[in-house]
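Asker: Got a structure for you, run39.txt, holding compact mmCIF, C-alpha atoms and all ligand atoms.
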```txt
# COMPACT_ATOMS: atom_id res chain seq x y z
CA MET N 284 -12.71 -15.05 34.38
CA LYS N 285 -12.44 -16.54 30.97
CA LEU N 286 -14.56 -14.72 28.48
CA THR N 287 -16.73 -16.75 26.20
CA ASN N 288 -17.43 -15.86 22.62
CA GLN N 289 -20.80 -14.47 23.65
CA THR N 290 -19.48 -11.91 26.09
CA MET N 291 -16.54 -10.94 23.94
CA ALA N 292 -17.06 -8.30 21.29
CA LEU N 293 -18.05 -9.73 17.97
CA GLN N 294 -14.92 -9.90 15.84
CA LEU N 295 -16.27 -9.87 12.32
CA SER N 296 -19.24 -8.65 10.32
CA ILE N 297 -19.38 -9.82 6.76
CA VAL N 298 -21.70 -7.71 4.64
CA VAL N 299 -22.87 -9.30 1.41
CA PRO N 300 -25.00 -7.24 -0.99
CA LEU N 301 -26.84 -9.39 -3.45
CA TYR N 302 -29.20 -9.14 -6.35
CA ASN N 303 -30.42 -12.37 -7.92
CA GLU N 304 -27.69 -14.67 -6.70
CA ASP N 305 -29.73 -17.65 -5.46
CA GLU N 306 -27.39 -20.23 -6.98
CA SER N 307 -24.30 -18.98 -5.16
CA LEU N 308 -25.60 -18.23 -1.68
CA ARG N 309 -25.56 -21.66 -0.11
CA GLU N 310 -22.02 -22.34 -1.27
CA LEU N 311 -20.87 -18.92 -0.11
CA ASP N 312 -22.42 -19.30 3.32
CA LYS N 313 -20.80 -22.67 3.84
CA TRP N 314 -17.44 -21.37 2.75
CA ILE N 315 -17.55 -18.34 5.07
CA LYS N 316 -18.53 -20.59 7.95
CA GLU N 317 -15.64 -22.96 7.30
CA VAL N 318 -13.12 -20.14 7.20
CA ALA N 319 -14.45 -18.55 10.40
CA GLN N 320 -14.39 -21.86 12.23
CA LYS N 321 -10.91 -22.70 11.06
CA GLU N 322 -9.65 -19.35 12.34
CA ASN N 323 -11.81 -19.45 15.45
CA LEU N 324 -13.39 -16.07 14.73
CA SER N 325 -16.73 -14.91 16.10
CA TYR N 326 -18.69 -13.52 13.19
CA GLU N 327 -21.99 -12.51 11.69
CA VAL N 328 -22.91 -12.54 8.01
CA ILE N 329 -25.33 -9.86 6.93
CA TYR N 330 -27.05 -10.63 3.66
CA VAL N 331 -28.64 -7.61 2.08
CA ASN N 332 -31.12 -8.72 -0.51
CA ASP N 333 -31.33 -5.84 -2.95
CA GLY N 334 -34.82 -6.59 -4.28
CA SER N 335 -33.97 -9.88 -5.99
CA ASN N 336 -36.71 -11.45 -8.04
CA ASP N 337 -35.30 -14.96 -7.99
CA ARG N 338 -35.25 -17.34 -5.03
CA SER N 339 -32.44 -15.55 -3.15
CA TRP N 340 -34.58 -14.57 -0.15
CA GLU N 341 -35.94 -18.11 0.31
CA VAL N 342 -32.39 -19.41 0.30
CA ILE N 343 -31.38 -16.81 2.90
CA GLU N 344 -34.34 -17.73 5.09
CA SER N 345 -33.35 -21.35 5.09
CA LEU N 346 -29.69 -20.48 5.73
CA ALA N 347 -30.74 -18.38 8.71
CA GLN N 348 -32.54 -21.38 10.18
CA GLU N 349 -29.45 -23.52 9.97
CA ASN N 350 -26.85 -20.89 10.85
CA PRO N 351 -27.42 -18.57 13.85
CA ASN N 352 -24.70 -16.23 12.60
CA VAL N 353 -26.81 -15.23 9.62
CA ARG N 354 -28.61 -11.90 9.72
CA ALA N 355 -30.39 -10.44 6.73
CA ILE N 356 -32.49 -7.62 5.37
CA SER N 357 -34.47 -7.45 2.19
CA PHE N 358 -35.25 -4.33 0.20
CA SER N 359 -38.67 -4.17 -1.39
CA ARG N 360 -37.09 -3.26 -4.70
CA ASN N 361 -33.70 -3.04 -6.34
CA TYR N 362 -31.99 0.09 -4.98
CA GLY N 363 -28.45 -0.71 -6.11
CA LYS N 364 -25.26 -1.99 -4.54
CA SER N 365 -24.43 1.25 -2.71
CA ALA N 366 -27.77 1.30 -0.93
CA ALA N 367 -27.36 -2.36 0.00
CA LEU N 368 -23.92 -1.70 1.46
CA PHE N 369 -25.19 1.28 3.39
CA ALA N 370 -27.98 -0.76 4.97
CA GLY N 371 -25.55 -3.56 5.81
CA PHE N 372 -23.06 -1.13 7.38
CA ASP N 373 -25.83 0.27 9.50
CA MET N 374 -26.57 -3.18 10.91
CA ALA N 375 -22.99 -4.37 11.37
CA GLU N 376 -21.78 -4.91 14.94
CA GLY N 377 -18.41 -6.56 14.43
CA GLU N 378 -15.10 -4.86 15.24
CA VAL N 379 -13.97 -5.43 11.70
CA VAL N 380 -16.38 -5.22 8.80
CA ILE N 381 -15.72 -7.08 5.56
CA THR N 382 -17.68 -6.59 2.38
CA MET N 383 -17.77 -9.18 -0.34
CA ASP N 384 -19.78 -9.92 -3.46
CA ALA N 385 -22.24 -12.78 -3.38
CA ASP N 386 -21.29 -14.28 -6.72
CA LEU N 387 -18.29 -16.32 -5.44
CA GLN N 388 -15.89 -14.13 -7.43
CA ASP N 389 -14.36 -13.01 -4.12
CA SER N 390 -12.89 -15.74 -1.98
CA PRO N 391 -13.73 -16.00 1.75
CA GLU N 392 -10.22 -17.41 2.25
CA GLU N 393 -8.99 -13.80 2.13
CA ILE N 394 -11.00 -12.80 5.18
CA PRO N 395 -8.49 -13.71 7.92
CA SER N 396 -5.55 -11.89 6.36
CA LEU N 397 -7.65 -8.82 5.56
CA ARG N 398 -8.81 -8.77 9.16
CA LYS N 399 -5.24 -9.07 10.39
CA MET N 400 -4.21 -5.99 8.47
CA ILE N 401 -6.94 -3.99 10.24
CA VAL N 402 -6.35 -5.39 13.71
CA GLU N 403 -2.59 -5.77 13.75
CA GLU N 404 -1.33 -3.28 11.21
CA ASN N 405 -3.85 -0.66 12.24
CA TYR N 406 -5.25 0.10 8.80
CA ASP N 407 -8.61 1.90 8.69
CA LEU N 408 -9.51 0.36 5.36
CA VAL N 409 -7.94 -2.35 3.26
CA SER N 410 -9.08 -2.69 -0.32
CA GLY N 411 -8.73 -5.89 -2.28
CA TRP N 412 -6.80 -5.79 -5.52
CA LYS N 413 -7.78 -8.34 -8.14
CA ARG N 414 -4.37 -8.34 -9.71
CA LYS N 415 -5.16 -11.35 -11.84
CA ARG N 416 -8.73 -10.95 -12.96
CA TYR N 417 -11.07 -13.44 -14.50
CA ASP N 418 -13.32 -11.03 -16.31
CA PRO N 419 -13.78 -10.25 -20.02
CA ILE N 420 -11.40 -7.70 -21.53
CA SER N 421 -14.34 -5.35 -22.17
CA LYS N 422 -14.37 -4.94 -18.42
CA THR N 423 -10.73 -5.14 -17.43
CA LEU N 424 -9.40 -2.58 -19.90
CA PRO N 425 -11.80 0.30 -19.10
CA SER N 426 -11.37 -0.60 -15.47
CA LYS N 427 -7.61 0.02 -15.68
CA LEU N 428 -8.19 3.43 -17.15
CA PHE N 429 -10.86 4.20 -14.60
CA ASN N 430 -8.67 3.23 -11.66
CA GLY N 431 -5.83 5.30 -13.05
CA VAL N 432 -7.98 8.41 -13.23
CA ALA N 433 -9.57 7.79 -9.82
CA SER N 434 -6.18 7.32 -8.23
CA TRP N 435 -4.77 10.43 -9.91
CA LEU N 436 -7.75 12.66 -9.03
CA SER N 437 -8.06 11.48 -5.46
CA GLY N 438 -4.40 11.01 -4.65
CA ILE N 439 -5.17 7.63 -3.08
CA LYS N 440 -2.81 5.04 -4.45
CA LEU N 441 -5.07 2.06 -5.10
CA HIS N 442 -5.17 -0.21 -8.14
CA ASP N 443 -8.71 -1.47 -7.74
CA PHE N 444 -11.14 1.02 -6.21
CA ASN N 445 -14.21 -1.00 -7.11
CA CYS N 446 -13.11 -4.33 -5.65
CA GLY N 447 -16.06 -5.80 -3.75
CA LEU N 448 -13.77 -7.38 -1.20
CA LYS N 449 -12.72 -4.82 1.41
CA ALA N 450 -12.13 -4.67 5.13
CA TYR N 451 -12.89 -1.76 7.43
CA LYS N 452 -12.63 -0.72 11.02
CA LYS N 453 -16.13 -0.52 12.41
CA ASP N 454 -15.74 3.23 12.91
CA VAL N 455 -15.20 3.76 9.21
CA VAL N 456 -18.42 2.16 8.04
CA LYS N 457 -20.41 4.00 10.69
CA ASN N 458 -19.05 7.32 9.50
CA ILE N 459 -19.47 7.19 5.76
CA GLU N 460 -22.59 7.51 3.71
CA VAL N 461 -22.57 5.37 0.58
CA TYR N 462 -25.34 6.44 -1.79
CA GLY N 463 -26.17 6.49 -5.49
CA GLU N 464 -23.38 4.58 -7.19
CA MET N 465 -20.72 5.69 -4.77
CA HIS N 466 -19.71 2.16 -3.76
CA ARG N 467 -16.96 2.55 -6.34
CA TYR N 468 -15.41 5.32 -4.32
CA ILE N 469 -15.64 4.13 -0.74
CA PRO N 470 -11.90 4.72 -0.18
CA ILE N 471 -12.40 8.36 -1.17
CA LEU N 472 -15.44 8.70 1.08
CA ALA N 473 -13.46 7.16 3.94
CA ARG N 474 -10.58 9.53 3.45
CA GLU N 475 -12.99 12.48 3.40
CA ALA N 476 -14.31 11.26 6.76
CA GLY N 477 -10.79 11.45 8.17
CA PHE N 478 -9.56 7.88 7.82
CA TYR N 479 -6.20 8.18 6.14
CA ASN N 480 -4.70 4.80 6.76
CA ILE N 481 -5.82 3.08 3.59
CA GLY N 482 -4.10 -0.06 2.39
CA GLU N 483 -4.30 -2.61 -0.35
CA LYS N 484 -3.96 -6.35 -0.54
CA VAL N 485 -3.73 -8.57 -3.59
CA VAL N 486 -6.66 -10.99 -3.51
CA GLN N 487 -7.68 -14.10 -5.37
CA HIS N 488 -10.37 -13.68 -7.96
CA GLN N 489 -12.54 -16.24 -9.70
CA ALA N 490 -14.64 -16.18 -12.82
CA ARG N 491 -18.34 -15.87 -12.10
CA LYS N 492 -19.65 -19.35 -11.46
CA TYR N 493 -23.40 -18.78 -11.59
CA GLY N 494 -25.63 -16.03 -12.92
CA VAL N 495 -24.59 -12.91 -14.81
CA THR N 496 -23.03 -9.55 -13.98
CA LYS N 497 -25.49 -6.93 -12.79
CA PHE N 498 -23.66 -3.97 -14.29
CA GLY N 499 -23.63 -3.23 -18.02
CA LEU N 500 -21.31 -1.02 -20.03
CA ASN N 501 -22.96 2.09 -18.66
CA ARG N 502 -21.05 1.40 -15.46
CA PHE N 503 -18.11 3.22 -16.97
CA ILE N 504 -20.03 6.31 -18.03
CA ASN N 505 -21.80 6.54 -14.69
CA GLY N 506 -18.57 5.71 -12.91
CA PHE N 507 -16.74 8.64 -14.47
CA LEU N 508 -19.59 11.06 -13.83
CA ASP N 509 -19.68 9.99 -10.20
CA LEU N 510 -15.95 10.42 -9.97
CA LEU N 511 -16.24 13.99 -11.26
CA SER N 512 -19.03 14.80 -8.87
CA ILE N 513 -17.25 13.31 -5.88
CA HIS N 514 -14.13 15.22 -6.84
CA PHE N 515 -16.01 18.52 -7.03
CA MET N 516 -18.06 17.83 -3.94
CA THR N 517 -15.05 17.12 -1.79
CA LYS N 518 -13.13 20.07 -3.17
CA PHE N 519 -15.81 22.71 -3.45
CA GLY N 520 -18.94 21.22 -1.87
CA LYS N 521 -18.75 23.49 1.15
CA LYS N 522 -17.48 26.54 -0.73
CA PRO N 523 -19.03 26.71 -4.23
CA MET N 524 -18.11 30.38 -4.57
CA HIS N 525 -14.43 29.46 -4.57
CA PHE N 526 -14.94 27.55 -7.78
CA PHE N 527 -17.67 29.40 -9.65
CA GLY N 528 -16.81 32.80 -8.24
CA ALA N 529 -13.16 32.55 -9.20
CA LEU N 530 -13.96 31.31 -12.68
CA GLY N 531 -16.69 33.92 -13.10
CA SER N 532 -14.46 36.77 -11.98
CA VAL N 533 -11.69 35.75 -14.37
CA MET N 534 -14.17 35.52 -17.22
CA PHE N 535 -15.67 38.87 -16.37
CA PHE N 536 -12.24 40.49 -16.17
CA VAL N 537 -11.26 39.09 -19.58
CA GLY N 538 -14.57 40.39 -20.95
CA VAL N 539 -14.07 43.87 -19.55
CA LEU N 540 -10.49 44.05 -20.84
CA SER N 541 -11.51 43.12 -24.32
CA ALA N 542 -14.46 45.54 -24.20
CA LEU N 543 -12.06 48.32 -23.20
CA TYR N 544 -9.83 47.38 -26.09
CA VAL N 545 -12.72 47.42 -28.56
CA GLY N 546 -14.07 50.74 -27.29
CA GLY N 547 -10.63 52.30 -26.91
CA SER N 548 -9.42 51.43 -30.37
CA LYS N 549 -12.66 52.70 -31.88
CA LEU N 550 -12.29 56.04 -30.09
CA TRP N 551 -8.66 56.29 -31.08
CA TYR N 552 -9.50 55.80 -34.76
CA VAL N 553 -12.29 58.37 -34.50
CA PHE N 554 -10.04 60.97 -32.88
CA GLN N 555 -7.37 60.38 -35.48
CA ASN N 556 -10.00 60.81 -38.19
CA ILE N 557 -9.16 57.42 -39.62
CA PRO N 558 -12.18 55.55 -40.98
CA ALA N 559 -12.74 52.82 -38.38
CA GLU N 560 -14.43 49.49 -38.87
CA ARG N 561 -17.70 48.87 -37.07
CA VAL N 562 -17.40 47.70 -33.50
CA THR N 563 -19.45 44.61 -34.35
CA SER N 564 -16.98 43.47 -37.00
CA ASN N 565 -14.17 43.39 -34.44
CA PRO N 566 -13.73 39.80 -33.17
CA TYR N 567 -12.89 41.13 -29.70
CA PHE N 568 -16.40 42.48 -29.47
CA TYR N 569 -17.78 38.95 -29.42
CA LEU N 570 -15.13 37.81 -27.00
CA SER N 571 -16.09 40.53 -24.56
CA LEU N 572 -19.80 39.86 -25.03
CA GLY N 573 -19.39 36.14 -24.40
CA ALA N 574 -16.97 36.48 -21.52
CA ILE N 575 -18.99 39.10 -19.65
CA LEU N 576 -22.20 37.07 -20.02
CA LEU N 577 -20.53 33.83 -18.98
CA GLY N 578 -18.69 35.50 -16.13
CA THR N 579 -21.90 36.92 -14.66
CA GLN N 580 -23.61 33.56 -15.00
CA LEU N 581 -20.80 31.70 -13.31
CA PHE N 582 -20.67 34.23 -10.53
CA LEU N 583 -24.40 33.89 -10.06
CA ALA N 584 -24.10 30.09 -9.97
CA GLY N 585 -21.50 30.39 -7.22
CA PHE N 586 -23.67 32.80 -5.29
CA LEU N 587 -26.71 30.52 -5.56
CA GLY N 588 -24.52 27.61 -4.49
CA GLU N 589 -23.46 29.54 -1.40
CA LEU N 590 -27.07 30.40 -0.57
CA ILE N 591 -28.07 26.76 -0.88
CA SER N 592 -25.20 25.48 1.24
CA ARG N 593 -25.89 28.18 3.83
CA ASN N 594 -29.38 26.78 4.16
CA SER N 595 -28.23 23.19 4.41
CA THR N 596 -28.73 21.58 7.79
CA GLU N 597 -25.33 19.97 7.38
CA ARG N 598 -23.42 23.21 6.92
CA ASN N 599 -21.90 23.00 10.36
CA PHE N 600 -21.75 19.28 10.77
CA TYR N 601 -18.26 18.08 11.65
CA LYS N 602 -17.36 14.63 12.79
CA ILE N 603 -15.68 15.04 16.15
CA SER N 604 -13.66 12.08 17.32
CA LYS N 605 -12.26 13.30 20.66
CA MET N 606 -13.10 15.91 23.26
CA ILE N 607 -11.82 16.93 26.68
CA ARG N 608 -14.29 18.21 29.27
CA GLU N 609 -17.05 18.50 26.76
CA LYS N 610 -19.75 21.02 27.46
CA GLU N 611 -22.74 19.77 29.40
N1 LIG M 1 -25.48 -6.20 -6.59
C1 LIG M 1 -26.45 -5.66 -5.76
N2 LIG M 1 -27.36 -4.78 -6.31
C2 LIG M 1 -27.30 -4.41 -7.62
C3 LIG M 1 -26.27 -4.94 -8.44
C4 LIG M 1 -25.37 -5.84 -7.88
O1 LIG M 1 -26.54 -5.96 -4.58
O2 LIG M 1 -28.14 -3.63 -8.06
C5 LIG M 1 -24.52 -7.16 -6.01
C6 LIG M 1 -24.38 -8.44 -6.80
O3 LIG M 1 -25.39 -9.38 -6.48
C7 LIG M 1 -23.00 -8.91 -6.38
C8 LIG M 1 -22.25 -7.60 -6.23
O4 LIG M 1 -23.24 -6.60 -6.05
O5 LIG M 1 -23.05 -9.59 -5.14
C9 LIG M 1 -21.36 -7.30 -7.42
O6 LIG M 1 -22.11 -7.37 -8.61
P1 LIG M 1 -21.60 -8.08 -9.93
O7 LIG M 1 -20.94 -9.37 -9.60
O8 LIG M 1 -22.72 -8.12 -10.89
O9 LIG M 1 -20.52 -7.02 -10.42
P2 LIG M 1 -19.16 -7.33 -11.20
O10 LIG M 1 -18.45 -8.45 -10.49
O11 LIG M 1 -19.56 -7.70 -12.58
O12 LIG M 1 -18.43 -6.02 -11.12
MG MG M 2 -19.09 -10.20 -9.78
```
Output the file's structure as structure tokens, nothing else.
Ligand code: UDP
Ligand code: MG

Answerer:
Amino acid sequence: MKLTNQTMALQLSIVVPLYNEDESLRELDKWIKEVAQKENLSYEVIYVNDGSNDRSWEVIESLAQENPNVRAISFSRNYGKSAALFAGFDMAEGEVVITMDADLQDSPEEIPSLRKMIVEENYDLVSGWKRKRYDPISKTLPSKLFNGVASWLSGIKLHDFNCGLKAYKKDVVKNIEVYGEMHRYIPILAREAGFYNIGEKVVQHQARKYGVTKFGLNRFINGFLDLLSIHFMTKFGKKPMHFFGALGSVMFFVGVLSALYVGGSKLWYVFQNIPAERVTSNPYFYLSLGAILLGTQLFLAGFLGELISRNSTERNFYKISKMIREKE
């Protein structure tokens, strides 16, 4: 029996988060449709309207009337790109999921080759790399630095973590939780979920045609803070005592050593009948005071962290991918 497109699994889900992009949507939709038809791919486009206050939703409604492949959700307010991606991932049914920005900076022409890398080369995730970028230098320069640090801290060799154009195996998007501003670090989240086969593809990039960027300069400050927290969470999230406890113990030990030195030298002077300086004028006194206090605090922080994670409902949540004769 020859399978029709309806009975065959859906090949592609294209998730498009958008916030005030009414001018671009029609053009984008048409372009995606042309590419999918040319390549004979079954697809759905999922528009996630992130609380736009322009005419974006009206445009999507009219697109959905003309194009049966359009699905959409609308948030009641602006929750941010990560939240929009998360909601889109939840809805996606295609075997391969592609994300792209709505502002026409990412080209739909890249979709077929990104998909090929997932299907034929067995990548779990392929991230776009805007090698030649059409953005102001105020954005490209900090971005270079940011990608360098992210790549170094995470050990994932990518040049462009934050590229909106990415392709995933369906399994990947169903197993990661993008929240806050974490859309910048999806490759790291994916790796944490056990998907190691992460690749990169140079993609075309255009200057923004309509509208303005939705992220200001604070993207870099927030980006770095998120990077630090994701780094700590993945390293010590499940074992806070290993970080705070170790640091606290070292501090405490240094404190005790220097206290012994202060006390010991004072006693020695006294026994030798040499006039000794006051303990409080010895610099080591302050070192020991500070180190012992800090050490106890750090240790306590680790202990509290352990108590909190012990109470977390996720403490024993592991993603299991295979099982033989699972228990009834
Ligand atoms: N976006 C979103 N919610 C937001 C901010 C942005 O859904 O709160 C969307 C935006 O409409 C676009 C994509 O995320 O489709 C990337 O945003 P933008 O083009 O402003 O980022 P840039 O290209 O400047 O990094
Ligand atoms: Mg953009």

Asker: Hey, which residues sit close to ligand MG 2 (chain M)? Say within 6 Å, counting all atoms listed in the file, and write them as a list in words.

Answerer: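 Sorted by chain and then by number, the residues are Asp386, Gln388 and Thr496 of chain N.
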
Asker: Could the residues in this selection be written to a file with C-alpha atoms, as a compact mmCIF listing (two decimals), in the coordinates of the input?

Answerer:
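Saved file result.txt follows:
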```
# COMPACT_ATOMS: atom_id res chain seq x y z
CA ASP N 386 -21.29 -14.28 -6.72
CA GLN N 388 -15.89 -14.13 -7.43
CA THR N 496 -23.03 -9.55 -13.98
```

Asker: Of the residues N:Tyr462, N:Phe536, N:Phe526, N:Tyr330, which is the one nearest to Met374 (chain N), using all atoms listed in the file?

Answerer: N:Tyr330

Asker: Restrict the calculation to all atoms listed in the file, then for each residue of chain N with any atom at most 6 Å from an atom of ligand LIG 1 (chain M) give the closest atom pair and their distance in Å to one decimal, rows by chain and rising residue number, as CSV.

Answerer:
```
residue,atom,partner,partner_atom,distance
N:Pro300,CA,M:LIG1,O1,4.1
N:Leu301,CA,M:LIG1,O3,3.4
N:Tyr302,CA,M:LIG1,O3,3.8
N:Glu304,CA,M:LIG1,O3,5.8
N:Asp333,CA,M:LIG1,O1,5.1
N:Asn361,CA,M:LIG1,O2,5.8
N:Gly363,CA,M:LIG1,O2,3.5
N:Lys364,CA,M:LIG1,N2,3.9
N:Ala367,CA,M:LIG1,O1,5.9
N:Asp384,CA,M:LIG1,O5,3.7
N:Ala385,CA,M:LIG1,O5,3.7
N:Asp386,CA,M:LIG1,O5,5.3
N:Thr496,CA,M:LIG1,O8,3.4
N:Lys497,CA,M:LIG1,O8,3.6
N:Phe498,CA,M:LIG1,O8,5.4
```

Asker: For the point (-17.5, -6.0, 18.6) in file coordinates, what residues are within 12 Å, counting all atoms listed in the file? Give the answer as a compact mmCIF listing (two decimals) with C-alpha atoms, keeping the file's coordinate frame?

Answerer:
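Saved to out.txt:
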```txt
# COMPACT_ATOMS: atom_id res chain seq x y z
CA ASN N 288 -17.43 -15.86 22.62
CA GLN N 289 -20.80 -14.47 23.65
CA THR N 290 -19.48 -11.91 26.09
CA MET N 291 -16.54 -10.94 23.94
CA ALA N 292 -17.06 -8.30 21.29
CA LEU N 293 -18.05 -9.73 17.97
CA GLN N 294 -14.92 -9.90 15.84
CA LEU N 295 -16.27 -9.87 12.32
CA SER N 296 -19.24 -8.65 10.32
CA LEU N 324 -13.39 -16.07 14.73
CA SER N 325 -16.73 -14.91 16.10
CA TYR N 326 -18.69 -13.52 13.19
CA GLU N 327 -21.99 -12.51 11.69
CA ALA N 375 -22.99 -4.37 11.37
CA GLU N 376 -21.78 -4.91 14.94
CA GLY N 377 -18.41 -6.56 14.43
CA GLU N 378 -15.10 -4.86 15.24
CA VAL N 379 -13.97 -5.43 11.70
CA VAL N 380 -16.38 -5.22 8.80
CA LYS N 452 -12.63 -0.72 11.02
CA LYS N 453 -16.13 -0.52 12.41
CA ASP N 454 -15.74 3.23 12.91
```

Asker: Can you measure CA of Ile394 (chain N) to CA of Glu475 (chain N) for me? One decimal in Å is fine.

Answerer: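 Interatomic distance, CA of Ile394 (chain N) to CA of Glu475 (chain N): 25.4 Å.
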
Asker: Just how far from CA of Gly546 (chain N) is CA of Arg561 (chain N), in Å to one decimal?

Answerer: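 Interatomic distance, CA of Arg561 (chain N) to CA of Gly546 (chain N): 10.6 Å.
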
Asker: Name the residues in contact with region 351-358 of chain N at a cut-off of 9 Å, using all atoms listed in the file, excluding same-chain residues fewer than 2 positions from it; report them as number ranges by chain.

Answerer: N: 312, 316, 325-335, 340, 343-344, 346-349, 360-362, 367, 370-371
